[in-house]
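Shown below: protein.cif, with mmCIF, C-alpha atoms.
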```cif
data_protein
loop_
_atom_site.label_atom_id
_atom_site.label_comp_id
_atom_site.auth_asym_id
_atom_site.auth_seq_id
_atom_site.Cartn_x
_atom_site.Cartn_y
_atom_site.Cartn_z
CA MET A 1 6.77 9.20 15.21
CA LEU A 2 4.24 9.57 12.40
CA GLY A 3 0.89 11.30 11.99
CA LYS A 4 1.25 13.97 14.67
CA ASN A 5 -1.12 16.27 12.76
CA SER A 6 -3.82 13.65 12.19
CA THR A 7 -6.32 15.57 14.28
CA TRP A 8 -10.02 16.41 14.02
CA GLN A 9 -9.38 19.98 12.92
CA TYR A 10 -7.71 18.76 9.73
CA THR A 11 -10.27 16.02 9.05
CA SER A 12 -13.17 16.82 6.73
CA ARG A 13 -15.99 14.70 8.16
CA PRO A 14 -14.86 12.41 10.99
CA ASP A 15 -18.51 11.47 11.53
CA LEU A 16 -18.88 9.89 8.07
CA ASP A 17 -17.46 6.77 6.46
CA SER A 18 -17.20 6.92 2.68
CA ASN A 19 -17.64 3.15 2.45
CA LEU A 20 -21.07 3.36 4.04
CA ASN A 21 -22.65 6.58 2.84
CA GLU A 22 -21.00 6.65 -0.59
CA ASN A 23 -20.63 10.41 -0.27
CA ILE A 24 -17.47 10.93 -2.27
CA THR A 25 -18.09 14.66 -2.69
CA ILE A 26 -16.68 15.23 0.80
CA LEU A 27 -13.41 17.13 0.57
CA PRO A 28 -10.28 15.10 1.29
CA SER A 29 -8.91 15.23 4.80
CA GLY A 30 -5.45 16.60 5.47
CA VAL A 31 -5.57 19.15 2.66
CA VAL A 32 -6.00 22.91 3.14
CA ASN A 33 -9.01 23.98 1.10
CA GLY A 34 -9.48 27.59 2.15
CA SER A 35 -12.86 26.96 3.74
CA THR A 36 -13.38 23.96 6.04
CA ILE A 37 -9.71 23.08 6.60
CA ASN A 38 -6.98 25.62 7.25
CA ALA A 39 -3.53 25.22 8.77
CA PRO A 40 -0.49 27.38 9.51
CA ALA A 41 1.76 27.87 6.50
CA ALA A 42 4.57 26.03 8.27
CA LEU A 43 2.46 22.84 8.22
CA VAL A 44 1.49 22.99 4.54
CA GLU A 45 3.46 21.11 1.90
CA ASP A 46 3.80 22.52 -1.61
CA ALA A 47 1.52 25.44 -0.74
CA ASP A 48 -0.33 26.73 -3.79
CA THR A 49 -1.90 30.04 -2.81
CA ILE A 50 -3.25 30.64 -6.32
CA ASN A 51 -5.71 27.77 -6.05
CA VAL A 52 -6.64 27.98 -2.39
CA GLY A 53 -10.43 28.19 -2.20
CA LYS A 54 -10.83 27.41 -5.90
CA ASP A 55 -12.73 24.40 -7.23
CA TYR A 56 -13.18 22.40 -4.05
CA SER A 57 -16.60 20.98 -4.81
CA GLY A 58 -15.15 17.56 -5.58
CA THR A 59 -17.68 17.01 -8.33
CA ASP A 60 -15.53 17.51 -11.41
CA ASN A 61 -12.44 15.59 -10.31
CA ASN A 62 -10.21 18.65 -10.75
CA PHE A 63 -9.59 19.27 -7.08
CA ASP A 64 -6.16 20.73 -6.45
CA LEU A 65 -4.47 18.15 -4.25
CA ASN A 66 -1.57 20.39 -3.37
CA ASN A 67 -1.62 22.06 0.03
CA ASN A 68 -1.16 18.79 1.91
CA ILE A 69 -0.80 19.13 5.64
CA ARG A 70 2.54 17.85 6.86
CA ASP A 71 2.56 14.58 8.83
CA TYR A 72 -1.15 13.93 8.32
CA LEU A 73 -2.33 10.34 7.71
CA ALA A 74 -5.62 10.62 5.84
CA GLY A 75 -8.57 8.37 6.53
CA ASP A 76 -11.78 9.30 4.73
CA SER A 77 -13.12 5.78 5.26
CA THR A 78 -12.73 3.10 7.90
CA SER A 79 -10.46 0.98 5.73
CA HIS A 80 -7.14 1.15 3.89
CA SER A 81 -5.27 2.89 6.66
CA ILE A 82 -1.95 1.74 8.17
CA GLY A 83 -1.04 -1.77 7.06
CA GLN A 84 2.20 -2.71 8.79
CA VAL A 85 5.26 -1.26 10.49
CA GLN A 86 8.51 -3.21 10.30
CA PHE A 87 12.19 -2.59 10.82
CA ALA A 88 14.45 -3.07 7.82
CA PRO A 89 17.84 -4.79 8.02
CA ASP A 90 19.51 -1.34 8.06
CA GLY A 91 17.53 -0.27 11.16
CA SER A 92 15.16 2.09 9.37
CA LEU A 93 11.41 1.74 9.92
CA TYR A 94 9.07 1.08 7.01
CA VAL A 95 5.33 1.78 7.15
CA THR A 96 2.62 1.03 4.60
CA VAL A 97 -0.23 3.54 4.31
CA GLY A 98 -3.34 2.83 2.22
CA ASP A 99 -5.34 5.27 0.13
CA GLY A 100 -7.88 5.83 2.94
CA THR A 101 -10.76 6.17 0.48
CA SER A 102 -13.90 4.25 -0.45
CA TYR A 103 -13.52 0.66 -1.63
CA ASN A 104 -17.08 0.53 -2.98
CA SER A 105 -16.89 3.10 -5.76
CA VAL A 106 -14.59 5.31 -7.81
CA ASP A 107 -13.36 7.86 -5.28
CA TRP A 108 -11.60 10.83 -6.88
CA ARG A 109 -9.71 11.45 -3.60
CA SER A 110 -7.66 8.32 -4.38
CA THR A 111 -5.63 10.43 -6.79
CA ARG A 112 -3.69 11.72 -3.75
CA VAL A 113 -1.88 8.39 -3.86
CA GLN A 114 0.11 9.79 -6.81
CA ASP A 115 1.10 12.96 -4.94
CA VAL A 116 4.48 12.56 -3.20
CA ASP A 117 3.55 15.43 -0.89
CA SER A 118 0.75 13.29 0.54
CA LEU A 119 1.41 10.30 2.83
CA SER A 120 -1.56 8.37 1.41
CA GLY A 121 -0.96 5.23 -0.65
CA LYS A 122 2.73 5.04 0.18
CA LEU A 123 5.46 2.86 1.58
CA LEU A 124 7.26 5.18 3.98
CA ARG A 125 10.81 4.86 5.31
CA ILE A 126 11.50 6.85 8.46
CA ASN A 127 14.09 7.18 11.18
CA PRO A 128 12.65 5.39 14.25
CA LEU A 129 14.46 7.76 16.60
CA THR A 130 13.18 11.01 15.09
CA GLY A 131 10.23 10.15 12.80
CA GLN A 132 11.98 12.04 10.00
CA GLY A 133 12.69 10.78 6.52
CA TYR A 134 16.17 9.95 5.27
CA ALA A 135 18.34 12.06 2.99
CA ASP A 136 18.81 9.05 0.67
CA ASN A 137 15.06 8.44 0.27
CA PRO A 138 14.10 8.87 -3.40
CA PHE A 139 12.02 12.06 -3.05
CA ALA A 140 13.89 13.77 -0.20
CA ASN A 141 13.97 17.54 -0.67
CA GLY A 142 16.45 18.62 1.99
CA ASN A 143 13.82 18.95 4.72
CA LEU A 144 13.64 15.59 6.46
CA ASP A 145 10.38 16.58 8.17
CA SER A 146 8.58 16.99 4.85
CA ASN A 147 6.10 14.36 3.66
CA ARG A 148 7.99 13.59 0.47
CA SER A 149 11.24 13.01 2.34
CA LYS A 150 9.56 10.03 4.04
CA VAL A 151 8.29 8.35 0.86
CA TRP A 152 10.04 5.22 -0.44
CA SER A 153 7.42 3.95 -2.93
CA LEU A 154 3.99 5.12 -4.07
CA GLY A 155 0.92 4.11 -6.06
CA ILE A 156 -0.37 1.73 -3.36
CA ARG A 157 -4.03 0.94 -2.63
CA ASN A 158 -3.88 -1.23 0.48
CA SER A 159 -0.60 -3.00 1.15
CA PHE A 160 -1.73 -4.75 4.30
CA ARG A 161 1.51 -6.72 4.80
CA PHE A 162 5.08 -6.66 3.48
CA THR A 163 8.40 -8.35 4.09
CA PHE A 164 12.05 -7.92 3.17
CA ASN A 165 14.11 -10.04 0.80
CA PRO A 166 16.79 -11.42 3.14
CA THR A 167 19.43 -11.24 0.39
CA THR A 168 18.77 -7.81 -1.10
CA GLY A 169 16.90 -6.06 1.73
CA ILE A 170 14.26 -4.89 -0.76
CA PRO A 171 10.64 -4.75 0.51
CA TYR A 172 8.10 -7.09 -1.11
CA LEU A 173 4.50 -5.90 -0.81
CA GLY A 174 1.22 -7.74 -0.89
CA GLU A 175 -1.28 -5.39 -2.53
CA VAL A 176 -4.99 -5.96 -1.93
CA GLY A 177 -6.75 -5.19 -5.19
CA TRP A 178 -10.15 -3.77 -5.99
CA THR A 179 -12.46 -5.43 -8.54
CA THR A 180 -10.12 -7.47 -10.71
CA TRP A 181 -6.48 -8.05 -9.68
CA GLU A 182 -4.33 -8.88 -6.65
CA GLU A 183 -0.61 -8.07 -6.71
CA ILE A 184 2.78 -8.92 -5.26
CA ASN A 185 5.11 -5.94 -5.79
CA VAL A 186 8.85 -5.42 -5.43
CA ALA A 187 9.33 -2.01 -3.82
CA THR A 188 12.60 -0.80 -5.24
CA LYS A 189 13.62 2.75 -4.43
CA GLY A 190 11.14 5.26 -5.88
CA SER A 191 8.91 2.63 -7.50
CA ASN A 192 5.35 3.60 -8.48
CA PHE A 193 2.76 0.81 -8.67
CA GLY A 194 0.16 2.88 -10.47
CA TRP A 195 -2.90 2.93 -8.22
CA PRO A 196 -5.54 4.22 -8.84
CA TYR A 197 -4.89 4.28 -12.59
CA PHE A 198 -3.62 0.70 -12.73
CA GLU A 199 -4.87 -2.42 -11.00
CA GLY A 200 -2.55 -5.38 -11.45
CA PRO A 201 -1.10 -5.39 -14.98
CA SER A 202 -4.07 -3.54 -16.49
CA GLN A 203 -5.41 -0.03 -16.68
CA ASN A 204 -8.05 0.43 -14.01
CA LEU A 205 -11.23 1.04 -15.99
CA GLY A 206 -13.00 2.62 -13.03
CA TYR A 207 -10.42 5.40 -12.70
CA SER A 208 -9.21 5.61 -16.31
CA THR A 209 -11.73 8.34 -17.17
CA LEU A 210 -10.36 10.81 -14.62
CA PRO A 211 -8.56 13.74 -16.26
CA GLN A 212 -5.26 12.82 -14.62
CA ALA A 213 -5.33 9.23 -15.86
CA GLN A 214 -4.24 9.72 -19.47
CA ALA A 215 -1.27 11.86 -18.48
CA PHE A 216 -0.21 9.12 -16.09
CA TYR A 217 -0.52 6.43 -18.76
CA ASN A 218 1.55 8.52 -21.14
CA SER A 219 4.28 8.96 -18.52
CA GLY A 220 5.04 5.24 -18.44
CA GLN A 221 6.11 5.43 -14.81
CA ALA A 222 4.02 2.56 -13.41
CA VAL A 223 6.01 -0.53 -12.36
CA SER A 224 4.51 -3.91 -13.26
CA PRO A 225 3.78 -6.34 -10.43
CA LEU A 226 6.15 -9.22 -9.73
CA LEU A 227 3.07 -11.39 -10.08
CA SER A 228 -0.66 -10.82 -10.20
CA ARG A 229 -3.73 -12.99 -9.76
CA ASN A 230 -7.16 -12.32 -11.19
CA HIS A 231 -10.34 -12.59 -9.17
CA SER A 232 -11.70 -14.87 -11.90
CA ALA A 233 -10.55 -18.50 -11.58
CA SER A 234 -10.52 -18.95 -15.36
CA LEU A 235 -7.80 -16.31 -15.78
CA ASN A 236 -5.33 -17.88 -13.34
CA PRO A 237 -2.95 -20.69 -14.40
CA ASP A 238 -4.03 -22.94 -11.53
CA GLY A 239 -7.74 -22.39 -12.12
CA LEU A 240 -8.34 -20.95 -8.65
CA ALA A 241 -10.09 -17.70 -7.87
CA THR A 242 -8.46 -15.01 -5.73
CA THR A 243 -9.97 -12.54 -3.29
CA ALA A 244 -7.26 -10.68 -1.31
CA LEU A 245 -3.55 -11.47 -1.23
CA ILE A 246 -1.69 -11.00 2.06
CA MET A 247 2.11 -10.97 2.01
CA GLY A 248 3.83 -13.56 4.19
CA ASP A 249 7.59 -13.97 4.39
CA PHE A 250 10.65 -15.39 2.72
CA TYR A 251 11.34 -18.79 4.19
CA THR A 252 14.86 -19.05 5.60
CA GLY A 253 14.34 -21.91 8.07
CA THR A 254 15.12 -25.61 8.09
CA SER A 255 11.86 -27.24 9.17
CA LEU A 256 10.28 -27.51 5.70
CA PRO A 257 11.35 -29.58 2.66
CA SER A 258 14.32 -28.14 0.75
CA ILE A 259 12.07 -27.23 -2.20
CA TYR A 260 10.89 -24.31 -0.09
CA ASP A 261 14.33 -22.91 0.65
CA GLY A 262 14.18 -19.18 -0.03
CA ALA A 263 10.54 -19.34 -1.17
CA LEU A 264 8.24 -16.36 -0.81
CA PHE A 265 5.10 -17.36 1.11
CA TYR A 266 1.81 -15.44 0.89
CA ASN A 267 -1.87 -16.27 1.07
CA ASP A 268 -5.39 -15.44 -0.01
CA VAL A 269 -7.03 -14.33 3.23
CA GLY A 270 -10.57 -14.96 1.98
CA LEU A 271 -10.24 -18.33 0.28
CA GLY A 272 -7.46 -19.62 2.53
CA THR A 273 -5.03 -20.62 -0.22
CA VAL A 274 -1.37 -20.49 0.87
CA TYR A 275 1.18 -20.04 -1.92
CA ALA A 276 4.95 -20.42 -2.17
CA THR A 277 6.77 -18.72 -5.05
CA ILE A 278 10.32 -19.62 -6.01
CA LEU A 279 12.33 -16.83 -7.62
CA ASN A 280 15.03 -17.05 -10.26
CA PRO A 281 18.46 -15.55 -9.48
CA ASP A 282 17.42 -12.40 -11.38
CA GLY A 283 14.34 -11.97 -9.17
CA THR A 284 11.74 -13.10 -11.69
CA VAL A 285 9.20 -15.79 -10.88
CA LYS A 286 10.40 -19.34 -11.46
CA SER A 287 7.42 -21.29 -10.14
CA THR A 288 4.49 -21.08 -7.75
CA GLN A 289 2.79 -23.87 -5.88
CA ILE A 290 -0.06 -24.24 -3.42
CA VAL A 291 1.17 -25.22 0.04
CA ASP A 292 -1.95 -25.40 2.17
CA ASN A 293 -5.47 -24.14 2.68
CA LEU A 294 -6.03 -22.25 5.92
CA PRO A 295 -8.62 -19.45 6.10
CA TYR A 296 -8.08 -15.96 7.42
CA ILE A 297 -4.31 -15.94 7.81
CA VAL A 298 -3.30 -12.33 8.45
CA ARG A 299 0.42 -12.75 9.17
CA MET A 300 3.24 -15.18 8.34
CA LYS A 301 6.80 -14.99 9.61
CA THR A 302 9.89 -17.18 9.70
CA GLY A 303 10.90 -17.58 13.34
CA SER A 304 14.43 -17.61 14.70
CA ASP A 305 13.92 -21.33 15.43
CA GLY A 306 13.59 -22.09 11.71
CA TYR A 307 9.82 -22.66 11.66
CA LEU A 308 7.35 -20.74 9.52
CA TYR A 309 4.61 -19.33 11.78
CA TYR A 310 1.19 -17.93 10.97
CA ALA A 311 -1.55 -15.99 12.74
CA SER A 312 -5.11 -16.80 11.70
CA LEU A 313 -8.39 -15.13 12.65
CA TYR A 314 -10.02 -18.55 12.15
CA GLY A 315 -10.12 -19.89 15.70
CA ASN A 316 -7.80 -17.06 16.77
CA ALA A 317 -4.90 -19.42 16.17
CA ILE A 318 -1.12 -19.11 16.13
CA GLY A 319 0.37 -22.05 14.25
CA ARG A 320 3.41 -23.27 12.40
CA TRP A 321 4.26 -25.58 9.55
CA LYS A 322 6.79 -28.35 9.90
CA LEU A 323 8.09 -31.38 8.03
CA VAL A 324 6.27 -34.54 9.12
#
```
Have the structure of the file written as structure tokens, please.
Amino acid sequence: MLGKNSTWQYTSRPDLDSNLNENITILPSGVVNGSTINAPAALVEDADTINVGKDYSGTDNNFDLNNNIRDYLAGDSTSHSIGQVQFAPDGSLYVTVGDGTSYNSVDWRSTRVQDVDSLSGKLLRINPLTGQGYADNPFANGNLDSNRSKVWSLGIRNSFRFTFNPTTGIPYLGEVGWTTWEEINVATKGSNFGWPYFEGPSQNLGYSTLPQAQAFYNSGQAVSPLLSRNHSASLNPDGLATTALIMGDFYTGTSLPSIYDGALFYNDVGLGTVYATILNPDGTVKSTQIVDNLPYIVRMKTGSDGYLYYASLYGNAIGRWKLV
């Protein structure tokens, strides 16, 4: 359904991992560059023949990120790839795709996250029967096979898990941050969460010096997180540090105390802290409390039996919470 053209011939260096060798001068995969990667014109999005073969050294951060290959899911490192696939209440299929670049250093290829003709760093919404986008997706251009016709939201680094608000149907994303902030984002139609130029509520100092950054800041298009937590304990209201937030689920069951009715559950996969956030009627944060401490939870879901379940890599356990 997705990624049919994610093949070796369109991949720059499948033998290298940018996280390990720190070679960020390697050309981005899935982009025609006129030398190492070429593709038929019918497979190229937003083809820019003027710049083909021009300035592809990757050393001055001015690489032309047009010429994206259609239906290519880029992975120039072994992390930040596909996060989750999940059906929405309307039957469409949503997919989170990370930036696919190095998490150890400033990687200029991460700027493809801001290109709607690239599938990197996006929340995609596709038809599960055809793999095409939808005509009512925010960037649809009349060709439902195009990359941009599949994009629902952009500006994502590594949204490993997401869920849907059971009342509004809007996706809520857990965004794994880089050096400073973790985020929970509300993915309304066409929303842009600002990566790599923003991390959490702040400008991302690592990427702020790239030529494209200032233009992005001036555009004012980045959407602020619903909530964010700093990696430093002293900057969080509860005095706890944060490492990597993983989205859980809205609780709609009956097995927990009533204070958790409708709460949004999520967790810090590294430190094991499990949070529950109560929202106001207008969708803003009312309160957040710590529910439990269980390490390495990678999935939470309200079951049809009314229990809240979790999957943890600690002991390879499937568990559930209940009122005792």
### Message
Using all atoms listed in the file, which protein or nucleic acid residues come within 6 Å of Tyr251 of chain A? Drop anything in the same chain fewer than 2 positions from it, and give the result as a PyMOL selection string.
### Response
chain A and resi 253+262-263+302
### Task
Please write as a PyMOL selection string the full residue list that the PyMOL selection byres ((chain A and resi 194) around 9) yields on this file.
chain A and resi 113-114+154-156+192-193+195-200+203+216+221-224
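With only the atoms specified (all atoms listed in the file) counting, those residues at most 10 Å away from (0.5, 12.6, -3.7) are Leu65, Asn66, Asn68, Ser110, Thr111, Arg112, Val113, Gln114, Asp115, Val116, Asp117, Ser118, Leu119, Ser120, Gly121, Lys122, Asn147, Arg148, Val151, Leu154 and Gly155 of chain A.
Those residues that approach Tyr260 of chain A to within 8 Å, counting all atoms listed in the file, are Tyr251, Leu256, Ala276 and Ile278 of chain A; same-chain residues fewer than 4 positions away are not listed.
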Writing out the chosen residues with C-alpha atoms as a PDB file, in the frame of the given file:
```
ATOM      1  CA  TYR A 251      11.340 -18.790   4.190  1.00  0.00           C
ATOM      2  CA  LEU A 256      10.280 -27.510   5.700  1.00  0.00           C
ATOM      3  CA  ALA A 276       4.950 -20.420  -2.170  1.00  0.00           C
ATOM      4  CA  ILE A 278      10.320 -19.620  -6.010  1.00  0.00           C
TER       5      ILE A 278
END
```
### Task
Work out how far atom CA of Thr252 of chain A is from atom CA of Trp152 of chain A, in Å to one decimal.
25.5 Å
### Task
In the coordinate frame of the file, compute which residues have an atom within 9 Å of (-0.1, -15.9, -0.8) when using only C-alpha atoms, and state them as a VMD selection string.
chain A and resid 174 184 244 to 248 264 to 269 272 to 277 290
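The result of the PyMOL selection byres ((chain A and resi 37-48) around 8) on the shown file is Gln9, Tyr10, Thr11, Ser12, Gly30, Val31, Val32, Asn33, Gly34, Ser35, Thr36, Thr49, Ile50, Asn51, Val52, Asn66, Asn67, Asn68, Ile69, Arg70, Asp117, Ser146 and Asn147 of chain A.
In this model, the gap between atom CA of Val97 of chain A and atom CA of Gln84 of chain A comes to 8.1 Å.
Distances to Asp249 of chain A were evaluated for A:Met300, A:Leu27, A:Ile318, A:Ile170 using all atoms listed in the file, and the minimum falls at A:Met300.
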Selection result for the PyMOL selection byres ((chain A and resi 240) around 10) on this file, as a PDB file with C-alpha atoms, keeping the file's coordinate frame:
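Below you can see result-v3.pdb, which holds the result:
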```pdb
ATOM      1  CA  ARG A 229      -3.730 -12.990  -9.760  1.00  0.00           C
ATOM      2  CA  ASN A 230      -7.160 -12.320 -11.190  1.00  0.00           C
ATOM      3  CA  HIS A 231     -10.340 -12.590  -9.170  1.00  0.00           C
ATOM      4  CA  SER A 232     -11.700 -14.870 -11.900  1.00  0.00           C
ATOM      5  CA  ALA A 233     -10.550 -18.500 -11.580  1.00  0.00           C
ATOM      6  CA  SER A 234     -10.520 -18.950 -15.360  1.00  0.00           C
ATOM      7  CA  LEU A 235      -7.800 -16.310 -15.780  1.00  0.00           C
ATOM      8  CA  ASN A 236      -5.330 -17.880 -13.340  1.00  0.00           C
ATOM      9  CA  PRO A 237      -2.950 -20.690 -14.400  1.00  0.00           C
ATOM     10  CA  ASP A 238      -4.030 -22.940 -11.530  1.00  0.00           C
ATOM     11  CA  GLY A 239      -7.740 -22.390 -12.120  1.00  0.00           C
ATOM     12  CA  ALA A 241     -10.090 -17.700  -7.870  1.00  0.00           C
ATOM     13  CA  THR A 242      -8.460 -15.010  -5.730  1.00  0.00           C
ATOM     14  CA  LEU A 271     -10.240 -18.330   0.280  1.00  0.00           C
ATOM     15  CA  THR A 273      -5.030 -20.620  -0.220  1.00  0.00           C
TER      16      THR A 273
END
```
### Task
Can you work out which one of A:Asn204, A:Gln86, A:Asn293, A:Thr101 has the shortest atom-to-atom distance to Phe164 of chain A, counting only C-alpha atoms?
A:Gln86
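Minimum atom-to-atom distances from A:Ser29, A:Ala187, A:Leu226, A:Trp178 to Pro201 of chain A were compared using only C-alpha atoms, and the lowest value belongs to A:Leu226.
Between atom CA of Tyr172 of chain A and atom CA of Phe250 of chain A there is a distance of 9.5 Å.
Counting all atoms listed in the file, Arg320 of chain A has the following residues at most 8 Å away, ignoring those fewer than 2 positions along the same chain: A:Tyr307, A:Leu308, A:Tyr309, A:Tyr310, A:Ile318, A:Lys322.
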### Top pick for closest residue to Asp99 of chain A, considering A:Asp76, A:Asp15, A:Glu183, A:Asp71 and counting only C-alpha atoms
A:Asp76
